[in-house]
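Peer 1: The structure file work-v2.cif (mmCIF, C-alpha atoms) is provided below.
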```cif
data_protein
#
loop_
_atom_site.label_atom_id
_atom_site.label_comp_id
_atom_site.auth_asym_id
_atom_site.auth_seq_id
_atom_site.Cartn_x
_atom_site.Cartn_y
_atom_site.Cartn_z
CA MET A 107 72.15 59.99 98.53
CA ALA A 108 73.86 58.52 101.57
CA ALA A 109 77.64 57.95 101.44
CA LYS A 110 78.70 54.37 100.76
CA ARG A 111 81.53 52.22 102.04
CA THR A 112 83.19 49.32 100.28
CA MET A 113 83.79 45.87 101.75
CA THR A 114 85.33 42.64 100.49
CA LEU A 115 83.22 39.53 100.77
CA ASN A 116 84.74 36.05 100.73
CA LEU A 117 82.37 33.34 99.52
CA THR A 118 82.80 29.63 98.80
CA ASP A 119 82.14 28.38 95.28
CA ALA A 120 78.75 27.10 96.37
CA GLU A 121 77.82 30.41 97.96
CA MET A 122 78.96 32.35 94.92
CA ARG A 123 77.00 30.00 92.68
CA ALA A 124 73.87 30.54 94.78
CA LEU A 125 74.41 34.30 94.68
CA GLU A 126 74.85 34.28 90.92
CA GLU A 127 71.78 32.11 90.40
CA LEU A 128 69.68 34.44 92.52
CA CYS A 129 71.05 37.48 90.67
CA GLU A 130 70.06 35.88 87.37
CA LYS A 131 66.62 34.93 88.64
CA LYS A 132 65.89 38.31 90.23
CA ASP A 133 67.53 40.38 87.50
CA LEU A 134 69.71 42.16 90.07
CA ASN A 135 73.45 42.66 90.37
CA LYS A 136 75.32 41.18 93.34
CA THR A 137 75.38 44.40 95.35
CA ALA A 138 71.65 44.97 94.88
CA LEU A 139 70.85 41.38 95.79
CA LEU A 140 72.96 41.42 98.96
CA ARG A 141 71.39 44.75 99.95
CA GLN A 142 67.98 43.14 99.58
CA ALA A 143 69.07 40.20 101.69
CA LEU A 144 70.26 42.55 104.44
CA ARG A 145 67.03 44.54 104.39
CA LEU A 146 64.90 41.45 104.56
CA TYR A 147 67.00 39.95 107.36
CA GLN A 148 66.80 43.16 109.38
CA LEU A 149 63.04 43.37 108.85
CA VAL A 150 62.44 39.76 109.86
CA GLU A 151 64.66 40.09 112.93
CA ALA A 152 62.89 43.27 114.04
CA ARG A 153 59.45 41.66 113.77
CA ILE A 154 60.53 38.49 115.56
CA GLU A 155 62.03 40.61 118.34
CA LYS A 156 58.61 42.24 118.68
CA GLY A 157 57.11 38.82 119.29
CA GLU A 158 55.81 38.06 115.80
CA LYS A 159 56.29 34.76 113.97
CA LEU A 160 57.33 34.05 110.39
CA PHE A 161 55.27 31.53 108.40
CA PHE A 162 55.19 30.05 104.93
CA GLU A 163 51.68 29.29 103.71
CA ASP A 164 50.85 26.79 100.98
CA ASP A 165 48.77 28.75 98.50
CA LYS A 166 46.52 25.77 97.72
CA THR A 167 46.12 23.93 101.01
CA LYS A 168 46.58 27.05 103.19
CA GLU A 169 48.79 24.92 105.45
CA LYS A 170 51.19 27.05 107.45
CA ALA A 171 54.73 26.19 108.52
CA GLU A 172 56.62 28.40 110.93
CA VAL A 173 60.12 29.43 109.93
CA MET A 174 62.40 29.06 112.93
CA MET A 175 64.97 31.86 113.11
CA LEU A 176 68.15 31.39 115.09
CA MET B 3 70.04 61.39 111.49
CA SER B 4 71.79 62.43 108.30
CA VAL B 5 69.46 63.90 105.73
CA THR B 6 70.18 64.70 102.11
CA ALA B 7 68.14 67.56 100.65
CA SER B 8 67.93 67.72 96.85
CA PRO B 9 66.74 70.85 95.04
CA ALA B 10 63.27 70.65 93.50
CA PHE B 11 60.48 72.94 92.34
CA LEU B 12 56.78 73.19 93.12
CA TRP B 13 54.18 75.19 91.25
CA ASN B 14 52.87 78.08 93.33
CA VAL B 15 49.25 78.20 92.13
CA GLU B 16 48.41 81.66 93.43
CA ARG B 17 51.46 83.32 91.90
CA GLY B 18 51.41 81.17 88.78
CA GLU B 19 55.14 80.45 88.94
CA ALA B 20 57.59 77.79 90.03
CA GLU B 21 59.02 78.02 93.54
CA ALA B 22 62.19 76.43 94.92
CA ALA B 23 61.64 73.46 97.23
CA GLU B 24 63.66 70.55 98.59
CA LEU B 25 63.21 66.80 98.45
CA TRP B 26 64.51 65.23 101.68
CA ASP B 27 65.43 61.56 101.87
CA ALA B 28 63.84 61.25 105.32
CA ILE B 29 60.89 62.13 107.51
CA THR B 30 62.40 63.91 110.49
CA GLU B 31 61.05 65.42 113.70
CA GLN B 32 60.52 68.65 111.75
CA GLN B 33 58.09 66.89 109.40
CA LEU B 34 56.23 65.27 112.27
CA ALA B 35 55.93 68.61 114.08
CA ASP B 36 54.61 70.19 110.87
CA TRP B 37 52.10 67.36 110.56
CA GLU B 38 50.88 67.82 114.14
CA ALA B 39 50.88 71.60 114.30
CA GLU B 40 50.05 72.57 110.70
CA TRP B 41 48.52 69.68 108.77
CA ILE B 42 46.09 68.34 111.35
CA PRO B 43 44.45 71.70 112.23
CA GLU B 44 44.05 72.51 108.52
CA LEU B 45 42.67 69.04 107.84
CA PHE B 46 40.08 69.39 110.61
CA LYS B 47 39.00 72.77 109.27
CA ALA B 48 38.68 71.29 105.79
CA LEU B 49 36.62 68.36 107.09
CA GLN B 50 34.35 70.82 108.87
CA ARG B 51 33.80 72.64 105.57
CA LEU B 52 33.02 69.38 103.79
CA ARG B 53 30.52 68.38 106.46
CA ARG B 54 28.81 71.75 106.44
CA ALA B 55 28.63 71.59 102.66
CA GLY B 56 26.84 68.25 102.93
CA VAL B 57 29.63 66.21 101.34
CA PRO B 58 29.04 62.56 102.29
CA ARG B 59 31.53 61.03 104.69
CA GLN B 60 32.58 58.44 102.12
CA ALA B 61 33.92 61.27 99.99
CA TRP B 62 36.12 62.70 102.74
CA PRO B 63 39.84 61.98 102.38
CA GLN B 64 40.53 58.43 103.60
CA SER B 65 43.97 59.42 104.82
CA ARG B 66 42.40 61.57 107.57
CA HIS B 67 43.07 58.76 110.06
CA TRP B 68 46.76 58.42 109.26
CA ASP B 69 49.12 59.00 112.14
CA TRP B 70 52.49 59.83 110.64
CA ARG B 71 54.22 59.84 114.02
CA LYS B 72 53.15 56.24 114.68
CA LYS B 73 53.95 55.12 111.16
CA THR B 74 57.40 56.68 111.29
CA ALA B 75 58.19 55.39 114.78
CA ALA B 76 57.34 51.84 113.72
CA LEU B 77 59.71 51.97 110.76
CA THR B 78 62.61 54.13 111.95
CA GLY B 79 65.97 52.57 111.16
CA MET B 80 64.46 49.88 108.92
CA LEU B 81 66.42 49.68 105.68
CA ALA B 82 63.34 48.22 103.99
CA HIS B 83 61.29 51.35 104.60
CA PRO B 84 62.99 54.55 103.48
CA SER B 85 60.98 57.74 103.76
CA PHE B 86 60.89 61.03 101.87
CA SER B 87 59.49 64.50 102.35
CA ILE B 88 59.16 67.75 100.45
CA VAL B 89 59.87 71.06 102.11
CA CYS B 90 59.00 74.46 100.70
CA ARG B 91 59.22 77.77 102.56
CA GLY B 92 60.36 75.84 105.63
CA LEU B 93 57.15 73.84 105.78
CA THR B 94 56.51 70.18 104.95
CA GLN B 95 54.38 69.91 101.81
CA GLY B 96 54.28 66.13 101.38
CA MET B 97 55.54 62.88 102.89
CA MET B 98 56.03 59.31 101.67
CA ILE B 99 57.15 55.96 103.08
CA VAL B 100 58.07 53.12 100.72
CA ASP B 101 58.87 49.40 101.02
CA ASN B 102 61.88 48.43 98.91
CA THR B 103 62.10 44.81 100.02
CA THR B 104 58.96 42.73 100.48
CA LYS B 105 56.75 43.45 97.47
CA ARG B 106 56.89 41.93 93.97
CA GLY B 107 55.46 42.84 90.59
CA ARG B 108 52.03 41.57 89.50
CA LEU B 109 51.88 42.70 85.86
CA ALA B 110 52.60 39.78 83.54
CA ASP B 111 55.80 41.32 82.17
CA GLN B 112 57.26 41.92 85.62
CA ALA B 113 55.50 39.31 87.73
CA GLY B 114 57.64 38.27 90.67
CA LYS B 115 60.26 40.98 90.07
CA ASN B 116 61.24 43.30 92.87
CA LEU B 117 59.72 46.75 92.94
CA VAL B 118 59.43 49.72 95.25
CA TYR B 119 55.99 49.73 96.85
CA VAL B 120 54.60 53.11 97.97
CA GLU B 121 53.12 52.38 101.36
CA TYR B 122 51.99 55.85 102.38
CA VAL B 123 52.02 59.12 100.49
CA GLU B 124 50.19 62.28 101.43
CA ASN B 125 50.11 65.96 100.52
CA ALA B 126 49.68 68.71 103.06
CA PRO B 127 45.94 69.53 103.28
CA TRP B 128 46.37 72.97 101.66
CA ASN B 129 47.84 71.29 98.56
CA ARG B 130 44.85 69.01 97.99
CA LYS B 131 42.35 70.39 95.54
CA GLU B 132 39.47 68.39 97.05
CA LEU B 133 40.08 70.32 100.31
CA PHE B 134 41.43 73.67 99.16
CA ASP B 135 40.40 75.25 95.91
CA PRO B 136 42.74 76.44 94.60
CA PRO B 137 45.49 74.45 96.30
CA ARG B 138 48.62 76.31 97.45
CA TYR B 139 51.20 74.19 95.57
CA ARG B 140 50.99 71.67 92.77
CA GLY B 141 53.52 69.02 91.85
CA ILE B 142 54.04 67.35 95.22
CA GLY B 143 52.58 64.00 94.16
CA SER B 144 54.64 63.95 90.98
CA LEU B 145 57.85 64.82 92.86
CA LEU B 146 57.26 62.02 95.33
CA MET B 147 56.49 59.54 92.55
CA ARG B 148 59.72 60.60 90.87
CA ALA B 149 61.51 59.95 94.17
CA ALA B 150 59.96 56.46 94.31
CA ILE B 151 61.16 55.79 90.75
CA GLU B 152 64.68 56.92 91.66
CA ALA B 153 64.61 54.74 94.76
CA SER B 154 63.57 51.82 92.55
CA ARG B 155 66.42 52.51 90.13
CA HIS B 156 68.87 52.80 93.01
CA GLU B 157 67.82 49.34 94.18
CA GLY B 158 68.35 47.92 90.70
CA PHE B 159 64.58 47.61 90.08
CA LYS B 160 64.72 49.81 86.95
CA GLY B 161 61.96 52.17 88.01
CA ARG B 162 59.32 49.54 88.77
CA ILE B 163 56.91 50.72 91.46
CA GLY B 164 53.55 49.63 92.83
CA LEU B 165 50.91 51.06 95.15
CA HIS B 166 47.33 50.85 96.34
CA SER B 167 45.46 54.02 95.57
CA LEU B 168 42.93 55.78 97.73
CA PRO B 169 39.88 56.42 95.50
CA GLN B 170 40.52 60.18 95.26
CA ALA B 171 43.93 59.51 93.68
CA ASP B 172 43.04 56.88 91.04
CA ALA B 173 43.01 59.39 88.17
CA PHE B 174 46.36 60.85 89.22
CA TYR B 175 48.11 57.47 89.09
CA ALA B 176 46.41 56.38 85.87
CA LYS B 177 46.60 59.60 83.87
CA THR B 178 49.37 61.76 85.28
CA CYS B 179 51.72 58.93 86.21
CA GLY B 180 50.73 56.59 83.37
CA MET B 181 50.59 53.57 85.68
CA THR B 182 48.63 50.41 84.87
CA ASP B 183 45.44 49.97 86.90
CA LEU B 184 45.10 46.31 87.87
CA GLY B 185 41.67 46.95 89.37
CA VAL B 186 40.29 46.36 92.82
CA ASP B 187 42.61 44.22 94.92
CA PRO B 188 40.77 41.05 95.95
CA ASP B 189 42.76 40.98 99.20
CA PRO B 190 40.26 42.12 101.88
CA ASN B 191 43.07 44.07 103.57
CA TYR B 192 43.13 46.40 100.56
CA SER B 193 39.73 46.11 98.91
CA PRO B 194 38.13 48.27 97.53
CA MET B 195 41.37 50.07 96.69
CA HIS B 196 42.78 49.71 93.20
CA TYR B 197 46.29 48.37 92.75
CA PHE B 198 48.52 50.29 90.31
CA GLU B 199 51.87 49.31 88.93
CA MET B 200 54.51 51.13 86.90
CA THR B 201 56.83 49.33 84.50
CA GLN B 202 60.35 50.35 83.56
CA GLU B 203 59.01 51.84 80.32
CA GLN B 204 56.24 53.75 82.09
CA ALA B 205 58.80 55.09 84.57
CA GLU B 206 61.02 56.29 81.72
CA ALA B 207 58.04 57.98 80.05
CA PHE B 208 56.97 59.67 83.30
CA VAL B 209 60.49 60.98 83.96
CA ALA B 210 60.89 62.09 80.33
CA LYS B 211 57.81 64.30 80.48
CA GLY B 212 59.02 65.80 83.74
CA GLY B 213 56.27 64.19 85.80
CA LYS B 214 53.66 66.64 84.52
CA SER B 215 50.06 65.94 83.61
#
```
Could you write out this file's structure as structure tokens?
Peer 2:
Amino acid sequence: MAAKRTMTLNLTDAEMRALEELCEKKDLNKTALLRQALRLYQLVEARIEKGEKLFFEDDKTKEKAEVMML
Amino acid sequence: MSVTASPAFLWNVERGEAEAAELWDAITEQQLADWEAEWIPELFKALQRLRRAGVPRQAWPQSRHWDWRKKTAALTGMLAHPSFSIVCRGLTQGMMIVDNTTKRGRLADQAGKNLVYVEYVENAPWNRKELFDPPRYRGIGSLLMRAAIEASRHEGFKGRIGLHSLPQADAFYAKTCGMTDLGVDPDPNYSPMHYFEMTQEQAEAFVAKGGKS
């Protein structure tokens, strides 16, 4: 397994609350959830850099809305 | 690239004994060179035998079109797509790429929960009993499934994994791995492949029996 490094993360109350709610919902600890967020962000960035677009699609109406990434 | 090699064992069918192997947490240039110079020629020879024996094309291994170099190049450096390989006697015996980020569980008890999805997994042609009888080594598929379970646990997913099975492998995932068969995926991108999922309990049972059939 790859070596790991430790970092300190400073979050506001609201950010911490959001993190804790997501951890509860996803049944993941904070480290696992933030790792997931990083992986997803890297994946999305890589695909957008390749010229792809990110959409949300309404399951019923099939309407699509593009997610604008900054 | 830094690669961690963990000790493992494969079953040498000809000798009837276990043989030391390594599980690598990567697919490196060595694996891709093995695929090009060793796997592909053996696969072509095996396909020639199937054709000459009158085996219908539909029964040939579906993975014959896979290009591991392209697959690996597209995913290199992506944290969401770790890869694994098994090396024995200096030769690559199996490879796997997983997705640890974008897929969610479908079984009622784990619907919406994160899991490790096995995107691509393949044995070297000489280890596939439908191509070589007897195969050279057994246990590659089980070792790679065990690696997927460990990757799932490492992510905090408790061993949950999912995959779409090529028809030749349905029995392996259902019987040997003890996964739940959710049937043919209605998504035209996957149909007629069956979707299989492993729960935390099924993962524990698979690991407890040592991944054997």
Peer 1: What are the closest atom pairs, with distances in Å to one decimal, for each residue of chain A lying within 7 Å of chain B, using all atoms listed in the file, rows by chain and rising residue number, as CSV?
Peer 2:
```
residue,atom,partner,partner_atom,distance
A:Met107,CA,B:Thr6,CA,6.2
A:Lys132,CA,B:Lys115,CA,6.2
A:Leu134,CA,B:Gly158,CA,6.0
A:Ala138,CA,B:Glu157,CA,5.9
A:Gln142,CA,B:Thr103,CA,6.1
A:Arg145,CA,B:Ala82,CA,5.2
A:Leu146,CA,B:Thr103,CA,6.3
A:Leu149,CA,B:Met80,CA,6.7
```
Peer 1: Those selected residues, please, written with C-alpha atoms and delivered as a compact mmCIF listing (two decimals), keeping the file's coordinate frame.
Peer 2:
```
# COMPACT_ATOMS: atom_id res chain seq x y z
CA MET A 107 72.15 59.99 98.53
CA LYS A 132 65.89 38.31 90.23
CA LEU A 134 69.71 42.16 90.07
CA ALA A 138 71.65 44.97 94.88
CA GLN A 142 67.98 43.14 99.58
CA ARG A 145 67.03 44.54 104.39
CA LEU A 146 64.90 41.45 104.56
CA LEU A 149 63.04 43.37 108.85
```
Peer 1: What is the atom CA of Arg71 of chain B to atom CA of Trp37 of chain B distance in Å?
Peer 2: 8.5 Å
Peer 1: Between B:Ala76, B:Leu93, B:Ile99, B:Val123, which is the closest to Ala152 of chain A once you count only C-alpha atoms?
Peer 2: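 Selected residue with least distance to Ala152 of chain A: B:Ala76.
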Peer 1: With all atoms listed in the file as the atoms that count, which of B:Glu132, B:Glu203, B:Glu24, B:Asp189 lies nearest to Leu145 of chain B?
Peer 2: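 So, comparing all the options, the nearest one is B:Glu24.
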Peer 1: May I ask for the distance between atom CA of Glu121 of chain A and atom CA of Glu155 of chain A, given in Å to one decimal place?
Peer 2: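 Computing it gives 27.7 Å between the two atoms.
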Peer 1: Which residue is closest to Asp133 of chain A? Choose from B:Arg53, B:Leu168, B:Leu117, B:Glu19 and count all atoms listed in the file.
Peer 2: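 Nearest candidate to Asp133 of chain A out of B:Arg53, B:Leu168, B:Leu117, B:Glu19: B:Leu117.
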Peer 1: So which one's closest to Pro127 of chain B, B:Thr74, B:Ser65, B:Ser154, B:Gln112? Using all atoms listed in the file, please.
Peer 2: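 Using all atoms listed in the file, Pro127 of chain B sits closest to B:Ser65.
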Peer 1: Just give me the gap between atom CA of Lys177 of chain B and atom CA of Tyr119 of chain B in Å, one decimal is fine.
Peer 2: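 Separation between atom CA of Lys177 of chain B and atom CA of Tyr119 of chain B: 18.8 Å.
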Peer 1: I need the output of the PyMOL selection byres ((chain B and resi 150) around 9) for this file as JSON, numbers by chain; which residues are they?
Peer 2: {"B": [86, 98, 100, 118, 119, 120, 145, 146, 147, 148, 149, 151, 152, 153, 154, 155, 161, 162, 163]}
Peer 1: List the neighbours of Leu25 of chain B out to 7 Å using all atoms listed in the file; skip same-chain residues closer than 5 positions along the sequence, and give me the result as a compact mmCIF listing (two decimals) with C-alpha atoms, in the coordinates of the input.
Peer 2:
```
# COMPACT_ATOMS: atom_id res chain seq x y z
CA ALA B 7 68.14 67.56 100.65
CA SER B 8 67.93 67.72 96.85
CA PRO B 9 66.74 70.85 95.04
CA ALA B 10 63.27 70.65 93.50
CA SER B 87 59.49 64.50 102.35
CA ILE B 88 59.16 67.75 100.45
CA VAL B 89 59.87 71.06 102.11
```
Peer 1: Any chance you could resolve the PyMOL selection byres ((chain A and resi 162) around 8) against this file and give the residues as an MDAnalysis selection string?
Peer 2: chainID A and resid 160:161 163:164 170:173
Peer 1: Do a neighbour search on Ser193 of chain B at 12 Å with only C-alpha atoms, toss out local chain neighbours closer than 3 positions, and write the hits as an NGL selection string.
Peer 2: :B and (166-169 or 185-190 or 196-197)
Peer 1: Just to be explicit: take each residue in the selection above, keep C-alpha atoms, and write the result as a compact mmCIF listing (two decimals), in the coordinates of the input.
Peer 2:
```
# COMPACT_ATOMS: atom_id res chain seq x y z
CA HIS B 166 47.33 50.85 96.34
CA SER B 167 45.46 54.02 95.57
CA LEU B 168 42.93 55.78 97.73
CA PRO B 169 39.88 56.42 95.50
CA GLY B 185 41.67 46.95 89.37
CA VAL B 186 40.29 46.36 92.82
CA ASP B 187 42.61 44.22 94.92
CA PRO B 188 40.77 41.05 95.95
CA ASP B 189 42.76 40.98 99.20
CA PRO B 190 40.26 42.12 101.88
CA HIS B 196 42.78 49.71 93.20
CA TYR B 197 46.29 48.37 92.75
```
Peer 1: With a distance cut-off of 10 Å and all atoms listed in the file, select the neighbouring residues of Ala207 of chain B, excluding the residue or stretch itself and same-chain residues fewer than 5 positions from it, and output the selection as a list in words.
Peer 2: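 So the residues in contact are Cys179, Gly180, Thr201, Gln202, Gly212 and Gly213 of chain B.
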Peer 1: So, with only C-alpha atoms as the atoms that count, which of A:Glu130, A:Leu125, A:Lys159, A:Met113 lies closest to Ala143 of chain A?
Peer 2: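 For Ala143 of chain A, the nearest of the candidates is A:Leu125.
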Peer 1: Can you work out which one of B:Phe11, B:Phe46, B:Phe198, B:Trp70 has the shortest atom-to-atom distance to Tyr139 of chain B, counting all atoms listed in the file?
Peer 2: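 Of all the options, B:Phe11 lies closest to Tyr139 of chain B.
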